[in-house]
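Pasting protein-v5.cif here (mmCIF, C-alpha atoms and all ligand atoms):
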data_upload
loop_
_atom_site.label_atom_id
_atom_site.label_comp_id
_atom_site.auth_asym_id
_atom_site.auth_seq_id
_atom_site.Cartn_x
_atom_site.Cartn_y
_atom_site.Cartn_z
CA MET A 1 72.29 111.84 91.53
CA LYS A 2 71.45 108.54 93.19
CA ASN A 3 70.69 107.28 89.67
CA LYS A 4 74.16 108.35 88.54
CA ASN A 5 75.59 105.98 91.10
CA LYS A 6 73.23 103.21 90.07
CA ALA A 7 74.02 103.72 86.38
CA LEU A 8 77.73 103.47 87.13
CA PHE A 9 77.19 100.22 89.00
CA GLU A 10 75.19 98.79 86.09
CA THR A 11 77.99 99.70 83.67
CA ALA A 12 80.60 98.36 86.08
CA LYS A 13 78.85 95.01 86.18
CA ARG A 14 79.26 94.73 82.42
CA TYR A 15 83.04 95.09 82.57
CA ILE A 16 84.12 93.97 86.05
CA PRO A 17 82.94 90.78 87.79
CA GLY A 18 80.15 91.84 90.13
CA GLY A 19 81.01 95.45 89.27
CA VAL A 20 83.82 95.71 91.83
CA ASN A 21 87.49 94.89 92.24
CA SER A 22 87.11 93.37 95.70
CA PRO A 23 83.93 91.54 96.77
CA VAL A 24 83.09 93.39 99.99
CA ARG A 25 82.72 96.62 98.00
CA ALA A 26 79.59 95.30 96.29
CA PHE A 27 77.59 95.75 99.58
CA LYS A 28 75.95 92.39 98.88
CA ALA A 29 75.96 91.34 102.54
CA VAL A 30 73.89 94.37 103.47
CA GLY A 31 71.49 94.18 100.55
CA CYS A 32 72.03 97.49 98.79
CA ASP A 33 74.01 98.93 95.90
CA PRO A 34 77.54 100.13 96.55
CA VAL A 35 78.44 103.80 96.68
CA PHE A 36 81.05 104.78 94.12
CA ILE A 37 83.50 107.24 95.58
CA ARG A 38 84.55 110.30 93.65
CA LYS A 39 86.99 111.73 96.15
CA ALA A 40 87.83 111.75 99.84
CA LYS A 41 89.23 114.30 102.25
CA GLY A 42 89.83 113.95 105.99
CA ALA A 43 87.11 111.75 107.45
CA HIS A 44 84.76 112.39 104.54
CA LEU A 45 83.94 110.44 101.40
CA PHE A 46 82.24 112.11 98.47
CA GLY A 47 80.10 109.78 96.40
CA GLU A 48 79.08 109.78 92.77
CA ASP A 49 75.58 110.06 94.24
CA GLY A 50 76.42 113.65 95.20
CA ARG A 51 76.39 112.85 98.92
CA MET A 52 79.01 113.17 101.62
CA TYR A 53 79.63 110.31 104.03
CA ILE A 54 81.46 110.20 107.35
CA ASP A 55 83.94 107.41 106.78
CA TYR A 56 84.50 104.52 109.20
CA ILE A 57 86.15 102.26 106.61
CA SER A 58 89.34 104.32 106.26
CA SER A 59 90.32 102.28 103.19
CA TRP A 60 90.23 99.26 105.56
CA GLY A 61 92.92 100.66 107.78
CA PRO A 62 95.59 102.89 106.33
CA MET A 63 93.83 106.25 106.67
CA ILE A 64 94.77 106.74 110.31
CA LEU A 65 95.34 110.43 109.59
CA GLY A 66 92.34 110.71 107.30
CA HIS A 67 92.12 110.86 103.52
CA SER A 68 94.34 113.02 101.39
CA CYS A 69 96.36 114.09 104.42
CA GLU A 70 99.06 116.73 104.01
CA VAL A 71 101.81 114.49 105.35
CA VAL A 72 101.40 111.87 102.63
CA ASN A 73 100.36 114.31 99.90
CA GLU A 74 103.44 116.40 100.41
CA ALA A 75 105.75 113.35 100.15
CA VAL A 76 104.03 112.13 97.00
CA GLU A 77 104.06 115.55 95.36
CA ARG A 78 107.75 116.02 96.19
CA HIS A 79 108.73 112.76 94.50
CA LEU A 80 106.13 112.33 91.77
CA LEU A 81 108.34 113.74 89.06
CA ASP A 82 111.37 111.66 90.03
CA GLY A 83 110.00 108.61 88.21
CA ILE A 84 107.38 106.18 89.38
CA SER A 85 109.15 102.83 89.16
CA TYR A 86 112.77 101.87 88.55
CA GLY A 87 112.93 98.09 88.97
CA LEU A 88 116.23 98.83 90.71
CA PRO A 89 116.90 99.54 94.38
CA SER A 90 116.46 103.03 95.80
CA ARG A 91 117.37 104.80 99.03
CA VAL A 92 113.84 105.19 100.32
CA GLU A 93 113.32 101.39 100.38
CA VAL A 94 116.22 101.13 102.80
CA GLU A 95 114.87 103.97 104.89
CA LEU A 96 111.37 102.48 105.15
CA ALA A 97 112.77 99.02 105.96
CA LYS A 98 114.90 100.56 108.73
CA THR A 99 111.86 102.43 110.09
CA ILE A 100 109.79 99.23 110.27
CA VAL A 101 112.61 97.18 111.80
CA GLU A 102 113.20 99.84 114.45
CA ALA A 103 109.49 100.09 115.23
CA TYR A 104 108.51 96.45 115.42
CA PRO A 105 109.63 94.11 118.20
CA GLY A 106 111.82 91.19 117.17
CA ILE A 107 112.07 92.00 113.46
CA ASP A 108 115.61 92.30 112.05
CA GLU A 109 114.91 92.38 108.32
CA VAL A 110 111.92 93.16 106.18
CA ARG A 111 110.96 92.51 102.53
CA MET A 112 108.51 94.80 100.72
CA VAL A 113 105.70 93.37 98.62
CA ASN A 114 102.55 94.86 97.08
CA SER A 115 99.67 93.67 99.25
CA GLY A 116 98.76 91.94 102.48
CA THR A 117 98.01 88.78 100.53
CA GLU A 118 101.53 88.71 99.15
CA ALA A 119 102.98 89.40 102.58
CA THR A 120 101.28 86.43 104.29
CA MET A 121 101.75 84.10 101.33
CA SER A 122 105.46 84.90 101.22
CA ALA A 123 105.95 84.73 104.98
CA ILE A 124 104.51 81.23 104.96
CA ARG A 125 106.81 80.12 102.17
CA VAL A 126 109.77 81.44 104.13
CA ALA A 127 108.61 79.73 107.34
CA ARG A 128 108.33 76.47 105.40
CA GLY A 129 111.74 76.94 103.83
CA PHE A 130 113.28 77.78 107.20
CA THR A 131 111.79 74.82 109.07
CA GLY A 132 111.69 72.30 106.21
CA ARG A 133 108.09 71.51 107.23
CA ASP A 134 104.94 71.72 105.08
CA LYS A 135 101.96 72.15 107.38
CA ILE A 136 100.66 75.43 108.70
CA VAL A 137 98.05 76.37 111.27
CA LYS A 138 95.58 79.20 110.94
CA PHE A 139 92.60 80.13 113.07
CA GLU A 140 88.97 79.92 112.06
CA GLY A 141 87.62 83.34 111.12
CA CYS A 142 91.04 84.94 110.66
CA TYR A 143 91.63 86.28 107.15
CA HIS A 144 95.12 86.43 105.71
CA GLY A 145 94.43 87.34 102.11
CA HIS A 146 93.34 85.18 99.21
CA SER A 147 96.30 82.91 98.47
CA ASP A 148 95.27 79.26 98.01
CA GLY A 149 96.69 77.82 101.21
CA LEU A 150 95.16 80.53 103.38
CA LEU A 151 91.70 80.57 101.87
CA VAL A 152 90.48 78.11 104.42
CA SER A 153 88.19 79.17 107.19
CA SER A 154 86.47 76.24 108.72
CA GLY A 155 87.55 72.96 110.06
CA SER A 156 84.89 71.65 112.38
CA GLY A 157 86.28 69.20 114.88
CA ALA A 158 89.59 69.38 116.67
CA LEU A 159 92.03 67.74 114.35
CA THR A 160 90.49 68.27 110.96
CA PHE A 161 92.22 69.43 107.85
CA GLY A 162 90.91 72.62 106.36
CA LEU A 163 88.24 72.84 103.71
CA PRO A 164 88.76 75.33 100.90
CA THR A 165 86.52 78.40 101.16
CA SER A 166 86.46 78.88 97.40
CA PRO A 167 86.14 76.76 94.27
CA GLY A 168 89.44 76.77 92.44
CA VAL A 169 91.46 76.03 95.56
CA PRO A 170 92.69 72.44 95.28
CA ASP A 171 92.11 70.15 98.27
CA ASP A 172 95.65 68.99 97.70
CA ILE A 173 96.95 72.42 98.65
CA VAL A 174 94.75 73.06 101.65
CA LYS A 175 95.40 69.64 103.11
CA ASN A 176 98.49 71.27 104.58
CA THR A 177 96.44 74.00 106.26
CA LEU A 178 95.23 73.00 109.71
CA VAL A 179 92.54 75.07 111.34
CA ALA A 180 91.98 75.73 115.04
CA PRO A 181 89.32 77.86 116.72
CA TYR A 182 90.55 81.33 117.70
CA ASN A 183 91.41 81.62 121.40
CA ASP A 184 91.58 77.85 121.83
CA LEU A 185 95.05 76.88 122.97
CA ALA A 186 94.01 73.35 123.97
CA ARG A 187 92.79 72.55 120.46
CA LEU A 188 95.96 74.03 119.01
CA ALA A 189 98.09 71.87 121.30
CA GLN A 190 96.13 68.80 120.12
CA LEU A 191 96.80 69.71 116.48
CA VAL A 192 100.48 70.17 117.19
CA ASP A 193 100.68 66.82 119.01
CA ALA A 194 98.86 65.07 116.18
CA ASN A 195 101.35 66.42 113.63
CA PRO A 196 104.69 66.12 115.39
CA GLY A 197 107.58 67.91 113.73
CA GLN A 198 105.41 68.76 110.72
CA ILE A 199 104.10 72.24 111.43
CA ALA A 200 106.12 75.09 109.94
CA CYS A 201 104.17 78.02 111.31
CA VAL A 202 101.15 79.31 113.17
CA ILE A 203 99.68 82.46 111.62
CA VAL A 204 97.30 84.62 113.59
CA GLU A 205 95.67 88.03 113.64
CA PRO A 206 96.79 89.10 117.13
CA VAL A 207 93.53 91.04 117.36
CA CYS A 208 91.10 89.63 114.88
CA GLY A 209 89.48 92.20 112.61
CA ASN A 210 88.10 89.88 109.99
CA MET A 211 85.20 88.31 111.84
CA GLY A 212 84.40 91.71 113.24
CA VAL A 213 86.69 92.67 116.10
CA VAL A 214 87.44 89.69 118.31
CA LEU A 215 90.00 90.16 121.07
CA PRO A 216 92.58 87.61 122.08
CA ASP A 217 91.67 86.12 125.48
CA ALA A 218 94.11 86.82 128.30
CA GLY A 219 97.06 84.48 127.83
CA PHE A 220 96.17 83.40 124.27
CA LEU A 221 99.03 85.19 122.51
CA GLU A 222 101.46 84.29 125.30
CA GLY A 223 100.33 80.66 125.00
CA LEU A 224 100.94 80.71 121.25
CA ARG A 225 104.38 82.13 121.87
CA SER A 226 105.42 79.47 124.34
CA LEU A 227 103.97 76.54 122.36
CA CYS A 228 105.69 77.72 119.16
CA THR A 229 109.00 78.21 120.95
CA GLU A 230 108.76 74.78 122.52
CA LYS A 231 107.97 73.02 119.24
CA GLY A 232 110.23 75.00 116.89
CA ILE A 233 107.23 76.46 115.07
CA VAL A 234 107.49 79.92 113.50
CA LEU A 235 104.91 82.27 115.03
CA ILE A 236 103.62 84.78 112.49
CA PHE A 237 101.57 87.80 113.54
CA ASP A 238 99.47 89.09 110.68
CA GLU A 239 99.48 92.80 111.52
CA VAL A 240 98.01 93.93 108.21
CA ILE A 241 95.20 95.63 110.16
CA THR A 242 96.80 96.14 113.56
CA GLY A 243 100.36 97.16 112.63
CA PHE A 244 101.03 100.87 113.29
CA ARG A 245 97.31 101.23 114.13
CA LEU A 246 96.87 99.68 117.57
CA GLY A 247 100.10 101.45 118.42
CA TYR A 248 103.39 102.33 116.77
CA HIS A 249 104.79 98.93 117.80
CA GLY A 250 101.74 97.03 116.59
CA ALA A 251 99.80 94.43 118.53
CA ALA A 252 103.15 92.89 119.47
CA GLY A 253 103.94 96.08 121.37
CA VAL A 254 100.50 96.39 122.94
CA PHE A 255 100.40 92.79 124.21
CA GLY A 256 104.11 92.41 124.90
CA VAL A 257 104.36 89.23 122.82
CA THR A 258 107.04 89.03 120.15
CA PRO A 259 106.43 86.82 117.10
CA ASP A 260 109.16 85.30 114.89
CA MET A 261 107.71 86.95 111.80
CA ALA A 262 105.16 89.68 111.10
CA CYS A 263 103.16 90.79 108.08
CA PHE A 264 102.13 94.34 107.31
CA GLY A 265 99.87 95.89 104.70
CA LYS A 266 98.36 99.05 103.34
CA ILE A 267 99.25 101.17 106.40
CA ILE A 268 102.98 101.09 105.67
CA GLY A 269 102.31 102.52 102.21
CA GLY A 270 100.18 105.37 103.49
CA GLY A 271 97.35 103.82 101.45
CA PHE A 272 99.39 102.83 98.40
CA PRO A 273 99.38 99.14 97.42
CA VAL A 274 102.14 97.98 99.74
CA GLY A 275 102.72 95.07 102.05
CA ALA A 276 105.76 93.69 103.84
CA TYR A 277 106.88 90.70 105.80
CA GLY A 278 109.72 90.60 108.25
CA GLY A 279 111.30 88.38 110.81
CA ARG A 280 114.28 87.38 112.84
CA ARG A 281 117.52 87.56 110.87
CA GLU A 282 118.12 83.81 110.73
CA ILE A 283 114.67 83.34 109.19
CA MET A 284 114.85 86.25 106.75
CA GLU A 285 118.31 85.25 105.59
CA CYS A 286 116.55 82.30 103.89
CA VAL A 287 114.95 84.76 101.44
CA SER A 288 116.48 85.02 97.96
CA PRO A 289 119.03 86.32 97.09
CA ALA A 290 120.46 86.03 100.64
CA GLY A 291 119.09 82.48 100.76
CA SER A 292 117.25 80.08 98.52
CA VAL A 293 113.55 80.70 99.25
CA TYR A 294 112.35 82.53 96.14
CA GLN A 295 110.13 85.58 96.37
CA ALA A 296 110.22 88.58 94.05
CA GLY A 297 108.25 91.55 92.70
CA THR A 298 108.73 93.97 89.79
CA LEU A 299 106.88 96.74 91.59
CA SER A 300 107.95 95.80 95.13
CA GLY A 301 109.50 98.74 96.95
CA ASN A 302 107.86 101.13 94.50
CA PRO A 303 109.55 104.47 95.23
CA LEU A 304 106.40 106.59 95.34
CA ALA A 305 104.68 104.14 97.67
CA MET A 306 107.80 103.99 99.84
CA HIS A 307 107.91 107.78 100.15
CA ALA A 308 104.23 107.85 101.12
CA GLY A 309 104.72 105.10 103.68
CA LYS A 310 107.87 106.63 105.09
CA ALA A 311 106.16 110.01 105.52
CA MET A 312 103.25 108.35 107.30
CA LEU A 313 105.36 106.21 109.64
CA ASP A 314 107.72 109.11 110.43
CA TYR A 315 104.72 111.19 111.38
CA LEU A 316 103.33 108.45 113.63
CA LYS A 317 106.75 108.03 115.23
CA HIS A 318 107.26 111.71 115.96
CA GLN A 319 103.67 112.46 116.89
CA PRO A 320 102.84 109.56 119.20
CA ALA A 321 99.91 111.60 120.53
CA VAL A 322 98.09 110.41 117.39
CA TYR A 323 97.43 107.15 119.19
CA ASP A 324 95.96 108.97 122.20
CA VAL A 325 93.79 111.03 119.87
CA ILE A 326 92.33 108.02 118.03
CA GLU A 327 91.88 106.18 121.32
CA GLU A 328 89.93 109.15 122.73
CA LYS A 329 87.80 109.44 119.61
CA ALA A 330 87.03 105.74 119.50
CA ALA A 331 86.28 105.71 123.24
CA TYR A 332 83.91 108.69 122.80
CA LEU A 333 82.03 106.83 120.07
CA GLU A 334 82.00 103.62 122.07
CA ARG A 335 80.56 105.31 125.15
CA GLY A 336 77.88 107.04 123.11
CA MET A 337 76.91 103.93 121.17
CA ARG A 338 76.86 101.71 124.24
CA ALA A 339 74.55 104.11 126.09
CA ILE A 340 72.15 104.23 123.13
CA LEU A 341 72.11 100.44 122.70
CA GLU A 342 71.36 100.02 126.39
CA GLU A 343 68.66 102.69 126.31
CA TYR A 344 66.82 100.82 123.56
CA HIS A 345 67.42 97.39 125.13
CA LEU A 346 68.89 95.91 121.99
CA PRO A 347 70.80 92.65 122.32
CA PHE A 348 74.32 93.61 121.37
CA SER A 349 77.95 93.35 122.20
CA LEU A 350 80.33 96.12 121.35
CA VAL A 351 83.97 95.13 121.01
CA ARG A 352 86.78 97.64 120.70
CA ALA A 353 90.53 97.48 120.42
CA GLY A 354 91.87 101.04 120.14
CA SER A 355 90.55 102.48 116.90
CA LEU A 356 89.02 99.17 115.74
CA MET A 357 85.46 98.50 116.76
CA THR A 358 82.46 96.29 115.95
CA VAL A 359 78.86 96.29 117.10
CA PHE A 360 77.68 92.67 117.04
CA PHE A 361 73.97 92.05 117.22
CA CYS A 362 74.32 89.18 119.64
CA GLU A 363 74.33 89.25 123.42
CA ARG A 364 77.56 87.44 124.23
CA VAL A 365 80.92 88.96 123.42
CA PRO A 366 82.39 86.74 120.68
CA HIS A 367 85.62 84.89 121.34
CA ARG A 368 85.70 82.76 118.20
CA TYR A 369 84.10 82.13 114.83
CA ASP A 370 81.21 80.03 116.24
CA ASP A 371 80.23 82.98 118.44
CA VAL A 372 80.15 85.57 115.66
CA GLN A 373 77.96 83.21 113.65
CA LYS A 374 75.27 83.85 116.27
CA ALA A 375 75.08 87.55 115.38
CA ASP A 376 71.83 88.68 113.77
CA LEU A 377 72.91 89.61 110.26
CA LYS A 378 69.50 91.04 109.35
CA LYS A 379 69.89 93.52 112.19
CA TYR A 380 73.39 94.43 111.02
CA SER A 381 72.07 95.12 107.49
CA GLN A 382 69.30 97.28 108.90
CA TYR A 383 71.87 99.15 110.98
CA PHE A 384 74.22 99.60 108.02
CA ARG A 385 71.50 100.87 105.68
CA GLY A 386 70.02 103.17 108.31
CA MET A 387 73.42 104.72 108.93
CA LEU A 388 74.20 104.97 105.20
CA ASP A 389 70.89 106.78 104.61
CA ARG A 390 72.02 109.28 107.24
CA GLY A 391 75.45 109.78 105.68
CA VAL A 392 77.57 107.42 107.79
CA MET A 393 79.70 104.84 105.98
CA LEU A 394 80.26 101.71 108.06
CA ALA A 395 81.80 98.42 107.03
CA PRO A 396 79.25 96.74 104.75
CA SER A 397 79.41 93.46 106.67
CA GLN A 398 79.02 92.30 110.25
CA PHE A 399 82.32 90.48 109.85
CA GLU A 400 84.50 93.53 109.38
CA ALA A 401 85.78 96.22 111.70
CA MET A 402 84.90 99.88 111.95
CA PHE A 403 88.08 102.01 111.61
CA VAL A 404 88.29 105.29 113.49
CA SER A 405 90.59 107.97 112.11
CA CYS A 406 92.22 111.03 113.62
CA ALA A 407 90.47 113.21 111.07
CA LEU A 408 87.02 112.74 112.65
CA THR A 409 85.82 115.96 114.24
CA LYS A 410 83.63 116.19 117.33
CA ASN A 411 80.83 117.24 114.99
CA ASP A 412 81.38 114.16 112.77
CA MET A 413 81.12 111.95 115.82
CA ASP A 414 78.05 113.70 117.18
CA VAL A 415 76.35 113.43 113.79
CA THR A 416 77.28 109.73 113.83
CA LEU A 417 75.82 109.26 117.32
CA GLN A 418 72.63 111.10 116.40
CA ALA A 419 72.24 108.83 113.36
CA PHE A 420 72.98 105.84 115.55
CA ARG A 421 70.25 106.90 118.01
CA GLU A 422 67.68 107.27 115.23
CA VAL A 423 68.57 103.91 113.68
CA MET A 424 68.56 102.06 117.01
CA LYS A 425 65.19 103.61 117.87
CA GLU A 426 63.80 102.33 114.58
CA MET A 427 65.34 98.91 115.12
CA ALA A 428 63.96 98.64 118.64
CA ALA A 429 60.42 99.55 117.50
N1 LIG A 501 95.68 90.01 106.46
C1 LIG A 501 94.73 90.69 107.10
C2 LIG A 501 94.67 90.63 108.60
C3 LIG A 501 93.82 91.47 106.39
O1 LIG A 501 92.86 92.14 107.05
C4 LIG A 501 93.92 91.51 104.98
C5 LIG A 501 92.94 92.32 104.14
N2 LIG A 501 92.32 93.33 104.77
C6 LIG A 501 94.92 90.79 104.35
C7 LIG A 501 95.80 90.05 105.11
C8 LIG A 501 95.08 90.82 102.87
O2 LIG A 501 95.52 92.06 102.47
P1 LIG A 501 95.28 92.58 100.97
O3 LIG A 501 93.81 92.78 100.83
O4 LIG A 501 96.07 93.84 100.89
O5 LIG A 501 95.80 91.53 100.06
#

Will you turn the file into structure tokens for me?
Amino acid sequence: MKNKNKALFETAKRYIPGGVNSPVRAFKAVGCDPVFIRKAKGAHLFGEDGRMYIDYISSWGPMILGHSCEVVNEAVERHLLDGISYGLPSRVEVELAKTIVEAYPGIDEVRMVNSGTEATMSAIRVARGFTGRDKIVKFEGCYHGHSDGLLVSSGSGALTFGLPTSPGVPDDIVKNTLVAPYNDLARLAQLVDANPGQIACVIVEPVCGNMGVVLPDAGFLEGLRSLCTEKGIVLIFDEVITGFRLGYHGAAGVFGVTPDMACFGKIIGGGFPVGAYGGRREIMECVSPAGSVYQAGTLSGNPLAMHAGKAMLDYLKHQPAVYDVIEEKAAYLERGMRAILEEYHLPFSLVRAGSLMTVFFCERVPHRYDDVQKADLKKYSQYFRGMLDRGVMLAPSQFEAMFVSCALTKNDMDVTLQAFREVMKEMAA
């Protein structure tokens, strides 16, 4: 059966670059072949290799209630035969927009798109149109999708312009992307002072999930808020991972800091390809056709995806205990893992924000990109492969989060902890 998986990967590589439709899925960072998934139910993935895996990827976030959950299935089944795409407005788009606006602090209007990448790319265009400024600031190690201007991760030195992370991204485009270290308000203030009246927006993951989980230091988000307010800069929270996951009101609700705009992703489509960006009315009224900033999408607001998302968000709204349940499950795992890591004297730091968690193989808790670079990637690969061998699917990179879902049973978690003990014992030897 393992060979069946391998054969599929070999064929895939002939027809798809690297054999996958998104790079992380190739498992390159952890030095093994990817597992092709045949189906998924609850907290379990079923591979083409004939094995079952306990899933801590959760489709990178949306599967808060687990895979193939009744709530979403029922909504999709009910509407499947009503037509899949109209290219014209429908009621459910209005309902989902209203649900998001009512849930998220400070957002008056929202525009649906088809991915997180589209959401952040569009939000930035709107922030530029609204302010009439060209430059943007992002933080090192934060990921906001693969649009040209955001594919910039490093800018060593305080006031540097960004360097493109990928060939094909023109320097001319990224010269408008300024990069500051995460959690460093002083460096941000320097950047702002050095570019007076030129910065349209600051975009941030309020809890960073894309260098592994890195928490905002106390006062960081508040500091961003006050600096942006003072300088007329649009503050954008990228809640593609955190929205409706850290809590029903997103990271904005958890930290009590309200941005001017926010971006959402996969979660609001119940796992369908959906994204959205929203903001204060005066900003969103710039968006075409209300205003002149152009942004469009043939499949945006796709009715089936809207029904799935609406069912999911309605459930989360009316069953707020979901958040207590995932918190308890994640805390149970954290306690167990921490005790095992300590028992085997492995240098580690375990960072958790609600149902998002990362084990870093470095002693100091990371606060920024430079810190996560100190993690021992060989150890992470060993950890990943050891867990995979024992039927536990973790993120195939140190620089990603582990996503806990409600569907995990006590048995799933105990199996996970037993596997974790065995792997840590091996790693300590
Ligand atoms: N923003 C954040 C915070 C993300 O984690 C991601 C991807 N996981 C994106 C944007 C891009 O979303 P997508 O992959 O749907 O384009």

Contacts to ligand LIG 501 (chain A) at 9 Å cut-off (all atoms listed in the file) as an mmCIF file with C-alpha atoms, in the frame of the given file:
data_model
loop_
_atom_site.group_PDB
_atom_site.id
_atom_site.type_symbol
_atom_site.label_atom_id
_atom_site.label_comp_id
_atom_site.auth_asym_id
_atom_site.auth_seq_id
_atom_site.Cartn_x
_atom_site.Cartn_y
_atom_site.Cartn_z
ATOM 1 C CA SER A 22 87.110 93.370 95.700
ATOM 2 C CA TRP A 60 90.230 99.260 105.560
ATOM 3 C CA GLY A 61 92.920 100.660 107.780
ATOM 4 C CA ASN A 114 102.550 94.860 97.080
ATOM 5 C CA SER A 115 99.670 93.670 99.250
ATOM 6 C CA GLY A 116 98.760 91.940 102.480
ATOM 7 C CA THR A 117 98.010 88.780 100.530
ATOM 8 C CA GLU A 118 101.530 88.710 99.150
ATOM 9 C CA ALA A 119 102.980 89.400 102.580
ATOM 10 C CA THR A 120 101.280 86.430 104.290
ATOM 11 C CA CYS A 142 91.040 84.940 110.660
ATOM 12 C CA TYR A 143 91.630 86.280 107.150
ATOM 13 C CA HIS A 144 95.120 86.430 105.710
ATOM 14 C CA GLY A 145 94.430 87.340 102.110
ATOM 15 C CA HIS A 146 93.340 85.180 99.210
ATOM 16 C CA SER A 147 96.300 82.910 98.470
ATOM 17 C CA VAL A 204 97.300 84.620 113.590
ATOM 18 C CA GLU A 205 95.670 88.030 113.640
ATOM 19 C CA PRO A 206 96.790 89.100 117.130
ATOM 20 C CA VAL A 207 93.530 91.040 117.360
ATOM 21 C CA CYS A 208 91.100 89.630 114.880
ATOM 22 C CA GLY A 209 89.480 92.200 112.610
ATOM 23 C CA ASN A 210 88.100 89.880 109.990
ATOM 24 C CA PHE A 237 101.570 87.800 113.540
ATOM 25 C CA ASP A 238 99.470 89.090 110.680
ATOM 26 C CA GLU A 239 99.480 92.800 111.520
ATOM 27 C CA VAL A 240 98.010 93.930 108.210
ATOM 28 C CA ILE A 241 95.200 95.630 110.160
ATOM 29 C CA THR A 242 96.800 96.140 113.560
ATOM 30 C CA CYS A 263 103.160 90.790 108.080
ATOM 31 C CA PHE A 264 102.130 94.340 107.310
ATOM 32 C CA GLY A 265 99.870 95.890 104.700
ATOM 33 C CA LYS A 266 98.360 99.050 103.340
ATOM 34 C CA PRO A 273 99.380 99.140 97.420
ATOM 35 C CA VAL A 274 102.140 97.980 99.740
ATOM 36 C CA GLY A 275 102.720 95.070 102.050
ATOM 37 C CA GLU A 400 84.500 93.530 109.380
#

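Going from atom CA of Glu342 of chain A over to atom CA of Ala218 of chain A, you cover 26.4 Å.
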
Please provide the set of residues having any atom within 9 Å of Val71 of chain A, restricted to only C-alpha atoms, with same-chain residues fewer than 2 positions apart removed, written as a VMD selection string. chain A and resid 65 68 to 69 73 to 76 308 311 to 312 315

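Among the candidates A:Pro62, A:Pro347, A:Gly106, A:Pro17, the residue lying nearest to Val257 of chain A is A:Gly106 (atoms considered: all atoms listed in the file).
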
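Put simply, atom CA of Asn195 of chain A is 21.6 Å away from atom CA of Met261 of chain A.
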
If we count all atoms listed in the file and set the cut-off at 7 Å, which residues sit around Glu327 of chain A, ignoring sequence neighbours fewer than 3 positions away in its own chain? Please answer as an MDAnalysis selection string. chainID A and resid 323:324 330:331 354:355

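Here atom CA of Glu285 of chain A is placed at a distance of 20.4 Å from atom CA of Ile136 of chain A.
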
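For Gly149 of chain A, the non-local neighbours within 8 Å, defined as residues at least 2 positions apart in the same chain or in other chains and counting all atoms listed in the file, are Ser147, Leu151, Val152, Val169, Ile173, Val174, Asn176 and Thr177 of chain A.
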
Got time to write the residues from that selection, C-alpha atoms, as a PDB file, in the frame of the given file?
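Contents of part.pdb, freshly written:
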ATOM      1  CA  SER A 147      96.300  82.910  98.470  1.00  0.00           C
ATOM      2  CA  LEU A 151      91.700  80.570 101.870  1.00  0.00           C
ATOM      3  CA  VAL A 152      90.480  78.110 104.420  1.00  0.00           C
ATOM      4  CA  VAL A 169      91.460  76.030  95.560  1.00  0.00           C
ATOM      5  CA  ILE A 173      96.950  72.420  98.650  1.00  0.00           C
ATOM      6  CA  VAL A 174      94.750  73.060 101.650  1.00  0.00           C
ATOM      7  CA  ASN A 176      98.490  71.270 104.580  1.00  0.00           C
ATOM      8  CA  THR A 177      96.440  74.000 106.260  1.00  0.00           C
TER       9      THR A 177
END

Take the point (80.5, 92.0, 127.0) as written in the file and pick out every residue within 8 Å of it, counting all atoms listed in the file; give the list as a ChimeraX atom specification. /A:349-351,363-365

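Using only C-alpha atoms, the smallest distance between any of A:Ala305, A:Ile37, A:Leu246, A:Met427 and Val404 of chain A comes from A:Leu246.
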
Can you tell me, as an mmCIF file with C-alpha atoms, in the frame of the given file, what residues are no more than 6 Å from segment 249-256 of chain A when counting only C-alpha atoms, ignoring any on the same chain fewer than 6 positions away?
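Dumped everything to out-v1.cif:
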data_model
loop_
_atom_site.group_PDB
_atom_site.id
_atom_site.type_symbol
_atom_site.label_atom_id
_atom_site.label_comp_id
_atom_site.auth_asym_id
_atom_site.auth_seq_id
_atom_site.Cartn_x
_atom_site.Cartn_y
_atom_site.Cartn_z
ATOM 1 C CA ALA A 103 109.490 100.090 115.230
ATOM 2 C CA TYR A 104 108.510 96.450 115.420
ATOM 3 C CA THR A 242 96.800 96.140 113.560
ATOM 4 C CA GLY A 243 100.360 97.160 112.630
#

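Considering the residues A:Gly386, A:Val30, A:Lys4, A:Pro320 and counting only C-alpha atoms, Glu48 of chain A has its shortest atom-to-atom contact with A:Lys4.
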